[in-house]
Amino acid sequence: MTTTDTKITYYTLPLSGLSCQGCVKKVTKALEDIDGVRIEDVDTQSLSLETWGESEQYSLRQAVSAIESLGYHVGYRHHFTLSGLNCGRCVAKVEAALDEQPTVFTHAVSKTHAEVHTSLSADALIEIIHQLGYQAARVSDNDANVSTDNESPAQTDARNANPETSEASEASEAKSSSVDNPADSSKASRQQYVLSGMTCASCVQSVENAISGVDGVANVSVNLAERSAIVKGSASSDAIVAAVANAGYGAEKVEDDNDRRERQQTQQANELKNFKRSTFAGLGLGAPLMAWGVFGGSMTIQSSQDQWAWGAIAVVTLLLLATGGRHFFANAWQALMHKRATMDTLVALGTGAAWLYSTAVVIAPALFPEQARHVYFEASAMIIGLISLGHAIEARARANTSKALDQLLDLQPPTALVIENGQETERPLDEVKQGMTLRVKPGAKVPVDGEVVDGSSYIDESMLTGEPVPVHKTAGDTLHAGTVNQKGGLTFKATGVGSDTMLARIIDLVREAQSSKPELAKLADRISAVFVPIVVAIAIVTAAIWYFVGPEPSVSYMLVTATTVLIIACPCALGLATPLSVTAAVGRAAEVGVLIRDADALQTAAKLHTLVFDKTGTLTRGQPEVTHVNAIHGDQERLMAIAASLEQHSEHPLAQAIVGYAKQQTLALPTSNDFNSESGKGIQAKIEGERYYIGNQAWMQAQGIDTDAHQTDIDAMTQRGETAIYLANADSVQALIGVSDPIRDDAIDAIARLQQQGLEVIMLSGDHPDTANAIGRQLGIDHVIAGVLPDGKSEQIQSLQQQGKCVAMVGDGINDAPALAQADVGVAMGSGSDIAIESAQITLMHQHLGALADAIGLSQAAVRNMKQNLFGAFIYNTLGIPIAAGILYPFTGMLLSPVIAGGAMALSSITVVTNANRLRFFKIKSDDK
C-alpha cells in the first residue's frame with residue numbers, strides 16, 4: 001500500500017476464485033460504479049486499485065464487498081487465539097486497533113479468539129495486537145481458497161455485520177458444525193510439558209522467561225505446584241525443550257492429559273522417594289548429634305581425639321550432602337551457571353558454609369580462637385533432613401490439589417465396545433474413530449461422544465454436569481463421554497473422539513484455568529525475581545556486621561547468623577501461595593459443574609458488585625408455554641384447536657407454544673385455508689368457511705374488532721407476566737390465550753441467595769416493561785431494564801461499569817454474546833454446550849442458578865486464601881530474616897539456631913500447602929441436596 005501527496009491511496013489485494021477473463025470482467029464492471037475507486041490493474045490473482053476522498057476506507061470496503069458478492073474472495077481470513085484480554089474494554093481496544101487498519105475489512109473479536117478478514121499478513125496482525133499489550137497466536141491461516149467456516153465469505157460478512165443474525169445462526173449450527181469451534185482450532189497451538197528441577201518462585205520466572213524467548217511462543221503459563229507448563233503458539237517442541245534445558249531445567253512434552261498425569265505421578269513418586277530417603281538420612285545423622293549437644297556432650301574441638309571423632313563425622317556428613325542433599329547443590333550449581341539464584345542456592349550456601357567451617361575447625365583448630373572451635377555438622381544434617389521432610393509433606397499435599405482433575409480423567413473408560421460386521425469387539429479407546437458404531441451396556445460408562453441410533457435408557461450425567469436427575473435418552477439424542485448408562489442398552493454412533501469430546505474440552509479448560517495466574521500472583525512474581533539475591537546480600541551484610549562489630553567469638557556468631565539467614569528465607573512458600581489456591585478452587589468448582597476459565601475470572605468474580613441476568617433462557621426456561629386460556633365464546637378445546645390450526649403456519653415461539661399445547665392435549669386440528677399473515681401482528685385464515693384472526697391487540701384493532709371489553713383480563717395477564725394473544729372471528733374476540741416463559745424452579749431461591757451475599761441483581765429483557773416488571777416482581781428483582789435489544793444489552797453493561805461497578809453478565813453464551821464480552825465476568829448458562837463453554841469466563845454446566853452463588857462464594861474464599869498465603873509468606877520472611885540475623889540478640893542474648901531455621905522454612909511451605917487444600921472442602925450448598 002502506498003500513499004501520494006494528492007491523498008490518493010493505492011492498494012494491491014490478493015484475489016481467488018477467478019478462473020478466466022470473464023471473471024475479471026465481472027469484477028471490473030462491479031467496481032466501475034463505486035465512487036472513490038479506480039482500477040489500476042486486475043487479473044485472476046490480484047487487484048490493484050486506488051481510492052481517494054474523505055471516505056476512502058469506506059470505498060475500499062465497498063469494493064471488497066462488491067467482489068465477494070459475486071462469489072469471489074478478497075484477501076485472507078486469519079484465525080487467532082488471544083490471551084491477556086480480561087474484559088470488554090480489552091476487546092474494544094483490539095477492535096479499535098483493527099478498525100484503524102484500512103485493509104482490515106471485517107473482524108470478530110472475543111476475549112479468547114479473533115477472526116479477521118484482511119489483506120494483511122498474520123504476522124502484521126499479531127504485531128498490532130502485541131503492541132496493545134496482548135498476545136495472539138495464529139491458529140490457521142485461511143485464504144479465500146480454503147473454506148473453514150462451512151459458509152461462504154458473503155455469509156461471513158453478513159454475520160460480522162449483524163451480530164444478532166450471527167448469534168442466531170450459531171445457535172442453530174452448534175450441533176452440526178464443529179469446524180469453526182474455536183476449541184478445535186486452538187488445540188493445534190497448545191502444548192503441555194512436564195518440568196523438572198523447579199523448586200521456588202524464581203525458578204518459575206526463569207522457565208517462563210526461557211520459553212517466552214522462543215520464536216513463535218504467544219503465551220506460556222508455568223505451574224510450580226504441578227511442575228508443568230502450558231505453551232500456546234507455533235513454536236516447535238524441540239525448541240521449547242532446548243530453551244528450558246539451556247535455562248538449567250528439564251522439560252518433557254506430553255501428548256494428552258493422561259500422558260501428563262502418568263508422567264507427573266512417576267515424577268512425584270520419584271521425588272517423594274528421594275525426599276523420604278533424604279529425610280531419614282538427614283534426621284538419622286542430625287538428631288543424635290543434636291541430642292549429644294543438648295544433653296551435655298561437647299561440640300567443640302579440644303583435643304586430637306576430638307579431631308578424629310569429629311573428622312569421621314565430617315566425612316559422614318559430607319556423604320549425606322553428596323547423596324541426600326545432592327539435588328540442592330546440583331540445582332544451585334545450575335543456577336549459578338545461568339547467573340541466577342534460587343531456594344537451592346540458599347540451602348546449599350547455608351549447609352555448605354556450616355560444613356566447611358566445621359571441617360576447617362576439625363582440621364586446623366589452632367587457627368581459631370578457643371571459643372570459636374564449635375562444630376555445626378548437626379546443623380547441616382538437620383537442615384537437609386527437615387527441608388526434605390517439608391518437601392515430602394508438600395509433595396504429598398500438592399498431589400491432592402489436582403484430584404478434581406484426576407477424577408475427570410478417570411470418567412472415561414479405557415476401552416469401548418465397537419460393532420463391526422454385526423459383531424461386538426472390545427477395542428482400546430484410542431482405536432475408536434469418528435463414525436464407528438458402538439454399544440454401551442447397562443452400568444457402563446459412555447466411552448466417547450455420540451448420537452443414539454437404537455435403544456432407550458436413562459443416563460447419569462451428574463459427574464459431568466452436576467445434574468443429579470438421570471436424563472432419558474432415545475434415538476437421535478446426544479451422549480457424552482464419561483456419563484453412566486443405567487438400565488437399558490444403547491447403540492450409538494461416535495461423533496466426537498479423543499480430544500474432540502466435551503469431557504476433553506472441559507478437562508482442557510480446567511487444566512488451563514489451574515495453570516493461569518491471577519493479578520495477585522504478579523506481585524509475588526516481581527518479588528521472587530529479586531528475593532534470593534537480596535537474601536544472599538542480607539546474609540553477607542549480616543556476616544560482616546557480626547564479624548566486625550559482634551562479640552567474641554565473632555567468627556562463630558558470623559557463621560551462625562549468616563547460615564540462619566540463608567536457611568530461614570523461603571521463596572518456595574511465596575511461589576506456592578497463589579497457584580495452589582487456584583488449582584484447588586478451580587478443581588472444586590469443576591466437581592460441582594462450574595467451569596472457571598482462568599484465575600483472573602476467579603479473582604474478578606470475588607469483587608463483583610452487580611449481577612445482570614438475561615431473562616429468557618436464564619431466569620426462565622426459554623420455552624414459552626400456554627399458561628392461561630379464557631374461552632369467551634364457545635368450547636375451550638375447539639377454540640384452542642382453531643388457534644393451533646392458525647398458528648401451525650408460523651414459526652414464532654408464541655405460535656409454537658399454542659401448537660405444542662394442542663399436541664399435548666391431543667386436539668384434532670381443523671383444516672385452514674386462505675392463509676395470510678402480517679409480521680409482528682398476527683394471522684388470518686378460513687376454517688370451515690369462517691374467517692378467524694389470531695394475534696396481538698394491534699392486529700385485532702386493524703380488523704375492526706373491539707378489545708376494550710377485555711381490558712381487565714388483559715391487565716391481569718400482564719400482572720402475571722403473560723403475553724396476551726387474541727383469537728377472534730369477524731364479529732368479536734372468541735378467546736384470550738396467555739403465553740409465558742415459566743420461571744426456572746430454582747431462580748427465586750438463587751436470586752435471594754445472591755442478594756443475601758450483598759450483590760445488586762438486575763434483569764435485562766427485550767419484553768414490554770409491564771411483562772418484564774411482572775416477572776421481576778415474582779423473582780424478587782427490583783431493578784428491571786425492559787425493551788432492550790441484544791446490541792443494547794452491552795451498552796447497559798457499559799453504563800453500569802462507568803458508574804464504577806464490577807459487573808457480571810449472566811446469559812446463554814450465544815444471544816447475549818456482546819454483553820458477555822463487555823462484562824467484567826461473563827457467565828454462561830450452557831448445559832455443557834460447546835458454544836457456551838467457549839463464550840464465557842464462567843460456565844454453569846447444569847444450568848442451576850444456585851451454582852452461581854456457590855461459584856461467587858468459592859471465588860471469594862479462593863481470593864481470601866491467596867491473600868492469606870501471600871500474607872503468611874511475606875510476614876514469615878519479613879519477621880524471620882531479621883530474627884535470624886540476630887536483631888533480638890541485644891535484648892535476649894540468644895541467637896536463632898540454623899536447625900530451627902530449617903524447620904521453620906519447611907513449616908512455612910507446609911502451612912501454605914495445607915491452607916490452600918482447605919478449598920477442596922469448600923462447602924457447596926448443592927451438596928446438601
# chains A, B, ... in the order shown; residues from 1 in each chain; ligands from 1
$ residues_around --residues "stretch 599-613 of chain A" --least-positions-apart "6" --cutoff "7 Å" --atoms "only C-alpha atoms" --output "VMD selection string"
chain A and resid 513 516 to 519 582 759 to 764 805 to 811 825 841 856 859 to 860 863
$ select_by_dssp --residues "stretch 715-928 of chain A" --states "helix (DSSP H, G or I)" --output "JSON, numbers by chain"
{"A": [715, 716, 717, 718, 719, 747, 748, 749, 750, 751, 752, 753, 754, 755, 756, 769, 770, 771, 772, 773, 774, 775, 776, 777, 778, 779, 790, 791, 792, 793, 794, 795, 796, 797, 798, 799, 800, 801, 802, 817, 818, 819, 820, 821, 822, 834, 835, 836, 837, 838, 839, 850, 851, 852, 853, 854, 855, 856, 857, 858, 859, 860, 861, 862, 863, 864, 865, 866, 867, 868, 869, 870, 871, 872, 873, 874, 875, 876, 877, 878, 879, 880, 881, 882, 883, 884, 885, 889, 890, 891, 892, 898, 899, 900, 901, 902, 903, 904, 905, 906, 907, 908, 909, 910, 911, 912, 913, 914, 915, 916, 917, 918, 919, 920, 921, 925, 926, 927, 928]}
$ closest_atom_pairs --of "stretch 779-889 of chain A" --to "stretch 739-743 of chain A" --cutoff "12 Å" --atoms "only C-alpha atoms" --output "Markdown table"
| residue | atom | partner | partner_atom | distance |
| --- | --- | --- | --- | --- |
| A:Leu779 | CA | A:Ile743 | CA | 8.2 |
| A:Gly780 | CA | A:Ile743 | CA | 12.0 |
| A:Leu849 | CA | A:Ile743 | CA | 11.6 |
$ write_last_selection --atoms "N, CA and C atoms" --output "mmCIF file, in the first residue's frame"
data_model
loop_
_atom_site.group_PDB
_atom_site.id
_atom_site.type_symbol
_atom_site.label_atom_id
_atom_site.label_comp_id
_atom_site.auth_asym_id
_atom_site.auth_seq_id
_atom_site.Cartn_x
_atom_site.Cartn_y
_atom_site.Cartn_z
ATOM 1 N N LEU A 779 -39.656 -12.753 40.861
ATOM 2 C CA LEU A 779 -38.295 -13.193 41.197
ATOM 3 C C LEU A 779 -37.706 -12.434 42.383
ATOM 4 N N GLY A 780 -38.335 -11.337 42.766
ATOM 5 C CA GLY A 780 -37.780 -10.516 43.834
ATOM 6 C C GLY A 780 -36.701 -9.567 43.348
ATOM 7 N N LEU A 849 -29.101 -22.056 38.735
ATOM 8 C CA LEU A 849 -28.624 -20.724 39.085
ATOM 9 C C LEU A 849 -27.983 -20.690 40.469
#
$ atom_distance --atom1 "atom CA of A:Asp824" --atom2 "atom CA of A:Ile230"
24.6 Å
$ closest_residue --among "A:Pro470, A:Gly390, A:Pro447, A:Pro414" --to "A:Gly903" --atoms "only C-alpha atoms"
A:Gly390
$ atom_distance --atom1 "atom CA of A:Arg588" --atom2 "atom CA of A:Ile842"
13.6 Å
$ select_by_dssp --residues "stretch 423-618 of chain A" --states "strand (DSSP E or B)" --output "PyMOL selection string"
chain A and resi 423-428+437-440+445+449-455+457-460+471-473+478-479+484-485+490-496+594-596+610-614
$ atom_distance --atom1 "atom CA of A:Ala730" --atom2 "atom CA of A:Ala655"
20.6 Å
$ residues_around --residues "stretch 715-717 of chain A" --least-positions-apart "3" --cutoff "10 Å" --atoms "only C-alpha atoms" --output "PDB file with C-alpha atoms, in the first residue's frame"
ATOM      1  CA  THR A 627     -50.353 -20.857  30.940  1.00  0.00           C
ATOM      2  CA  HIS A 628     -53.908 -19.458  30.737  1.00  0.00           C
ATOM      3  CA  HIS A 710     -61.494  -7.486  27.775  1.00  0.00           C
ATOM      4  CA  GLN A 711     -59.006  -4.967  29.178  1.00  0.00           C
ATOM      5  CA  THR A 712     -59.431  -6.199  32.748  1.00  0.00           C
ATOM      6  CA  ARG A 720     -48.779 -12.389  35.847  1.00  0.00           C
ATOM      7  CA  GLY A 721     -46.091 -11.774  33.227  1.00  0.00           C
ATOM      8  CA  GLU A 722     -48.114 -13.396  30.438  1.00  0.00           C
ATOM      9  CA  THR A 723     -48.309 -12.262  26.832  1.00  0.00           C
ATOM     10  CA  ALA A 724     -51.947 -11.945  25.719  1.00  0.00           C
ATOM     11  CA  LEU A 736     -57.826 -14.882  25.245  1.00  0.00           C
ATOM     12  CA  ILE A 737     -54.707 -17.031  25.462  1.00  0.00           C
ATOM     13  CA  GLY A 738     -51.972 -16.258  27.964  1.00  0.00           C
ATOM     14  CA  VAL A 739     -48.478 -17.405  26.995  1.00  0.00           C
ATOM     15  CA  SER A 740     -45.468 -17.019  29.225  1.00  0.00           C
ATOM     16  CA  ASP A 770     -45.228  -4.436  32.054  1.00  0.00           C
ATOM     17  CA  THR A 771     -44.388  -8.081  31.332  1.00  0.00           C
ATOM     18  CA  ALA A 774     -44.222  -8.644  36.473  1.00  0.00           C
TER      19      ALA A 774
END
$ residues_around --residues "A:Val418" --least-positions-apart "2" --cutoff "10 Å" --atoms "only C-alpha atoms" --output "list of chain:residue names"
A:Thr415, A:Ala416, A:Glu420, A:Asn421, A:Gly422, A:Gln423, A:Glu424, A:Thr425, A:Glu426, A:Arg427, A:Pro428, A:Leu429, A:Glu431, A:Val432, A:Lys433, A:Met436, A:Thr437, A:Leu438, A:Arg439, A:Val440, A:Thr491, A:Phe492, A:Lys493, A:Ala494
$ write_last_selection --atoms "N, CA, C and O atoms" --output "short mmCIF file (atom, residue, chain, number, x, y, z; two decimals), in the first residue's frame"
data_model
loop_
_atom_site.label_atom_id
_atom_site.label_comp_id
_atom_site.auth_asym_id
_atom_site.auth_seq_id
_atom_site.Cartn_x
_atom_site.Cartn_y
_atom_site.Cartn_z
N THR A 415 -11.61 -48.67 27.40
CA THR A 415 -11.98 -49.46 26.20
C THR A 415 -13.42 -49.13 25.80
O THR A 415 -14.17 -48.51 26.57
N ALA A 416 -13.80 -49.59 24.60
CA ALA A 416 -15.16 -49.39 24.10
C ALA A 416 -15.60 -50.63 23.34
O ALA A 416 -14.78 -51.34 22.75
N GLU A 420 -18.79 -54.19 14.63
CA GLU A 420 -18.26 -54.31 13.27
C GLU A 420 -18.78 -55.61 12.65
O GLU A 420 -18.60 -56.68 13.23
N ASN A 421 -19.41 -55.47 11.51
CA ASN A 421 -19.96 -56.64 10.80
C ASN A 421 -20.89 -57.45 11.70
O ASN A 421 -20.89 -58.68 11.69
N GLY A 422 -21.66 -56.72 12.51
CA GLY A 422 -22.62 -57.37 13.39
C GLY A 422 -22.03 -57.99 14.63
O GLY A 422 -22.75 -58.57 15.43
N GLN A 423 -20.70 -57.89 14.80
CA GLN A 423 -20.04 -58.47 15.96
C GLN A 423 -19.54 -57.38 16.91
O GLN A 423 -19.07 -56.32 16.46
N GLU A 424 -19.64 -57.64 18.21
CA GLU A 424 -19.13 -56.69 19.21
C GLU A 424 -17.69 -57.03 19.54
O GLU A 424 -17.36 -58.18 19.84
N THR A 425 -16.83 -56.02 19.46
CA THR A 425 -15.41 -56.20 19.77
C THR A 425 -14.97 -55.13 20.76
O THR A 425 -15.24 -53.95 20.56
N GLU A 426 -14.30 -55.57 21.82
CA GLU A 426 -13.77 -54.60 22.78
C GLU A 426 -12.45 -54.06 22.25
O GLU A 426 -11.50 -54.81 22.03
N ARG A 427 -12.41 -52.74 22.06
CA ARG A 427 -11.22 -52.11 21.48
C ARG A 427 -10.68 -51.04 22.43
O ARG A 427 -11.45 -50.38 23.15
N PRO A 428 -9.35 -50.80 22.43
CA PRO A 428 -8.80 -49.68 23.20
C PRO A 428 -9.41 -48.36 22.71
O PRO A 428 -9.72 -48.21 21.53
N LEU A 429 -9.54 -47.44 23.61
CA LEU A 429 -10.24 -46.19 23.29
C LEU A 429 -9.55 -45.42 22.17
O LEU A 429 -10.22 -44.78 21.35
N GLU A 431 -8.33 -46.48 19.58
CA GLU A 431 -8.62 -47.06 18.27
C GLU A 431 -10.03 -46.72 17.77
O GLU A 431 -10.39 -47.05 16.65
N VAL A 432 -10.83 -46.07 18.62
CA VAL A 432 -12.18 -45.69 18.23
C VAL A 432 -12.12 -44.45 17.34
O VAL A 432 -11.51 -43.45 17.71
N LYS A 433 -12.75 -44.51 16.20
CA LYS A 433 -12.76 -43.41 15.25
C LYS A 433 -14.17 -42.83 15.11
O LYS A 433 -15.16 -43.51 15.37
N MET A 436 -17.77 -44.63 13.88
CA MET A 436 -17.94 -46.02 14.29
C MET A 436 -19.24 -46.20 15.09
O MET A 436 -19.70 -45.27 15.75
N THR A 437 -19.80 -47.40 15.02
CA THR A 437 -20.99 -47.74 15.80
C THR A 437 -20.55 -48.49 17.05
O THR A 437 -19.78 -49.45 16.98
N LEU A 438 -21.05 -48.05 18.21
CA LEU A 438 -20.64 -48.63 19.48
C LEU A 438 -21.87 -49.02 20.30
O LEU A 438 -22.98 -48.56 20.04
N ARG A 439 -21.63 -49.86 21.28
CA ARG A 439 -22.68 -50.24 22.21
C ARG A 439 -22.22 -49.95 23.63
O ARG A 439 -21.05 -50.15 23.98
N VAL A 440 -23.15 -49.44 24.45
CA VAL A 440 -22.86 -49.24 25.86
C VAL A 440 -23.88 -50.03 26.66
O VAL A 440 -25.09 -49.91 26.46
N THR A 491 -27.23 -48.39 21.46
CA THR A 491 -26.31 -48.42 20.33
C THR A 491 -26.18 -46.99 19.82
O THR A 491 -27.18 -46.30 19.65
N PHE A 492 -24.94 -46.52 19.62
CA PHE A 492 -24.77 -45.13 19.20
C PHE A 492 -23.61 -45.00 18.22
O PHE A 492 -22.72 -45.86 18.16
N LYS A 493 -23.64 -43.92 17.47
CA LYS A 493 -22.59 -43.62 16.51
C LYS A 493 -21.66 -42.57 17.11
O LYS A 493 -22.10 -41.55 17.64
N ALA A 494 -20.34 -42.82 17.04
CA ALA A 494 -19.35 -41.90 17.60
C ALA A 494 -19.30 -40.62 16.78
O ALA A 494 -19.10 -40.65 15.57
#
$ residues_around --residues "stretch 97-108 of chain A" --least-positions-apart "6" --cutoff "8 Å" --atoms "only C-alpha atoms" --output "list in words"
Gln57, Leu60, Arg61, Val64, Ala114, Glu115, Val116, His117, Thr118, Ser119, Leu120, Ile128, Ile129, Asp157 and Asn160 of chain A
$ residues_around --residues "A:Gly617" --least-positions-apart "4" --cutoff "7 Å" --atoms "only C-alpha atoms" --output "NGL selection string"
:A and (621-622 or 812)
$ write_last_selection --atoms "N, CA and C atoms" --output "PDB file, in the first residue's frame"
ATOM      1  N   ARG A 621     -37.254 -20.613  31.575  1.00  0.00           N
ATOM      2  CA  ARG A 621     -36.855 -21.867  30.926  1.00  0.00           C
ATOM      3  C   ARG A 621     -36.491 -21.687  29.461  1.00  0.00           C
ATOM      4  N   GLY A 622     -36.915 -20.561  28.865  1.00  0.00           N
ATOM      5  CA  GLY A 622     -36.583 -20.317  27.463  1.00  0.00           C
ATOM      6  C   GLY A 622     -37.505 -21.018  26.494  1.00  0.00           C
ATOM      7  N   ASP A 812     -27.002 -16.898  28.030  1.00  0.00           N
ATOM      8  CA  ASP A 812     -26.873 -18.234  27.461  1.00  0.00           C
ATOM      9  C   ASP A 812     -25.595 -18.417  26.665  1.00  0.00           C
TER      10      ASP A 812
END
$ residues_around --residues "A:Lys445" --least-positions-apart "4" --cutoff "9 Å" --atoms "only C-alpha atoms" --output "PyMOL selection string"
chain A and resi 411-413+440-441+481-485
$ write_last_selection --atoms "all heavy atoms" --output "short mmCIF file (atom, residue, chain, number, x, y, z; two decimals), in the first residue's frame"
data_model
loop_
_atom_site.label_atom_id
_atom_site.label_comp_id
_atom_site.auth_asym_id
_atom_site.auth_seq_id
_atom_site.Cartn_x
_atom_site.Cartn_y
_atom_site.Cartn_z
N LEU A 411 -13.13 -40.49 34.42
CA LEU A 411 -14.50 -40.73 33.97
C LEU A 411 -14.55 -41.56 32.70
O LEU A 411 -15.48 -42.33 32.49
CB LEU A 411 -15.22 -39.39 33.73
CG LEU A 411 -15.56 -38.55 34.97
CD1 LEU A 411 -16.25 -37.26 34.55
CD2 LEU A 411 -16.45 -39.34 35.93
N GLN A 412 -13.56 -41.39 31.83
CA GLN A 412 -13.59 -42.07 30.53
C GLN A 412 -13.02 -43.48 30.66
O GLN A 412 -11.92 -43.67 31.17
CB GLN A 412 -12.79 -41.27 29.51
CG GLN A 412 -13.20 -41.51 28.08
CD GLN A 412 -12.68 -40.44 27.16
OE1 GLN A 412 -11.77 -39.70 27.49
NE2 GLN A 412 -13.24 -40.36 25.96
N PRO A 413 -13.75 -44.49 30.21
CA PRO A 413 -13.25 -45.86 30.32
C PRO A 413 -12.09 -46.09 29.34
O PRO A 413 -11.99 -45.40 28.32
CB PRO A 413 -14.47 -46.71 29.94
CG PRO A 413 -15.26 -45.83 29.04
CD PRO A 413 -15.08 -44.43 29.58
N VAL A 440 -23.15 -49.44 24.45
CA VAL A 440 -22.86 -49.24 25.86
C VAL A 440 -23.88 -50.03 26.66
O VAL A 440 -25.09 -49.91 26.46
CB VAL A 440 -22.87 -47.74 26.24
CG1 VAL A 440 -24.20 -47.08 25.92
CG2 VAL A 440 -22.54 -47.55 27.72
N LYS A 441 -23.38 -50.90 27.53
CA LYS A 441 -24.24 -51.80 28.30
C LYS A 441 -24.71 -51.13 29.58
O LYS A 441 -24.15 -50.13 30.02
CB LYS A 441 -23.46 -53.08 28.63
CG LYS A 441 -23.11 -53.91 27.40
CD LYS A 441 -22.39 -55.19 27.80
CE LYS A 441 -22.09 -56.05 26.57
NZ LYS A 441 -21.38 -57.30 26.92
N ALA A 481 -19.12 -38.56 26.60
CA ALA A 481 -18.14 -39.44 27.22
C ALA A 481 -18.08 -39.17 28.72
O ALA A 481 -18.15 -38.03 29.17
CB ALA A 481 -16.76 -39.20 26.60
N GLY A 482 -17.96 -40.24 29.49
CA GLY A 482 -17.82 -40.13 30.93
C GLY A 482 -19.11 -40.27 31.70
O GLY A 482 -19.09 -40.45 32.91
N THR A 483 -20.25 -40.17 31.00
CA THR A 483 -21.53 -40.37 31.68
C THR A 483 -21.81 -41.87 31.82
O THR A 483 -21.19 -42.69 31.15
CB THR A 483 -22.67 -39.68 30.92
OG1 THR A 483 -22.69 -40.15 29.57
CG2 THR A 483 -22.45 -38.17 30.89
N VAL A 484 -22.77 -42.21 32.69
CA VAL A 484 -23.01 -43.62 33.02
C VAL A 484 -24.39 -44.06 32.56
O VAL A 484 -25.40 -43.43 32.91
CB VAL A 484 -22.87 -43.87 34.54
CG1 VAL A 484 -23.14 -45.34 34.87
CG2 VAL A 484 -21.47 -43.47 35.01
N ASN A 485 -24.42 -45.13 31.78
CA ASN A 485 -25.68 -45.72 31.36
C ASN A 485 -26.26 -46.53 32.52
O ASN A 485 -25.55 -47.28 33.18
CB ASN A 485 -25.45 -46.64 30.15
CG ASN A 485 -26.74 -47.23 29.63
OD1 ASN A 485 -27.81 -46.65 29.77
ND2 ASN A 485 -26.65 -48.40 29.01
#
$ closest_residue --among "A:Leu318, A:Val549, A:Val222, A:Leu919" --to "A:Leu356" --atoms "only C-alpha atoms"
A:Leu318
$ closest_residue --among "A:Ile567, A:Ile683, A:Leu283, A:Ala312" --to "A:Val347" --atoms "only C-alpha atoms"
A:Ile567
$ closest_atom_pairs --of "stretch 191-272 of chain A" --to "stretch 324-327 of chain A" --cutoff "12 Å" --atoms "only C-alpha atoms" --output "Markdown table"
| residue | atom | partner | partner_atom | distance |
| --- | --- | --- | --- | --- |
| A:Ser196 | CA | A:His327 | CA | 11.4 |
| A:Gly197 | CA | A:His327 | CA | 8.7 |
| A:Met198 | CA | A:His327 | CA | 10.9 |
| A:Thr199 | CA | A:His327 | CA | 10.4 |
| A:Glu271 | CA | A:His327 | CA | 10.6 |
$ decode --residues "stretch 323-353 of chain A" --atoms "C-alpha atoms" --output "short mmCIF file (atom, residue, chain, number, x, y, z; two decimals), in the first residue's frame"
data_model
loop_
_atom_site.label_atom_id
_atom_site.label_comp_id
_atom_site.auth_asym_id
_atom_site.auth_seq_id
_atom_site.Cartn_x
_atom_site.Cartn_y
_atom_site.Cartn_z
CA THR A 323 23.64 -38.04 48.48
CA GLY A 324 20.60 -36.81 50.38
CA GLY A 325 21.47 -33.17 49.74
CA ARG A 326 22.83 -33.68 46.23
CA HIS A 327 19.87 -32.10 44.45
CA PHE A 328 20.24 -28.89 46.47
CA PHE A 329 23.85 -28.47 45.38
CA ALA A 330 23.27 -29.64 41.80
CA ASN A 331 20.39 -27.20 41.34
CA ALA A 332 22.36 -24.40 42.98
CA TRP A 333 25.27 -25.03 40.60
CA GLN A 334 22.95 -24.99 37.61
CA ALA A 335 21.51 -21.71 38.83
CA LEU A 336 24.98 -20.24 39.26
CA MET A 337 25.95 -21.28 35.74
CA HIS A 338 22.88 -19.41 34.45
CA LYS A 339 23.61 -16.36 36.62
CA ARG A 340 20.64 -16.63 38.94
CA ALA A 341 19.86 -17.70 42.48
CA THR A 342 17.10 -19.95 43.80
CA MET A 343 15.97 -21.54 47.04
CA ASP A 344 18.50 -24.31 46.43
CA THR A 345 21.19 -21.64 46.38
CA LEU A 346 20.24 -20.61 49.90
CA VAL A 347 20.18 -24.19 51.22
CA ALA A 348 23.46 -25.08 49.53
CA LEU A 349 25.19 -21.95 50.83
CA GLY A 350 23.87 -22.44 54.36
CA THR A 351 24.62 -26.15 54.75
CA GLY A 352 27.86 -25.90 52.77
CA ALA A 353 29.12 -22.99 54.88
#
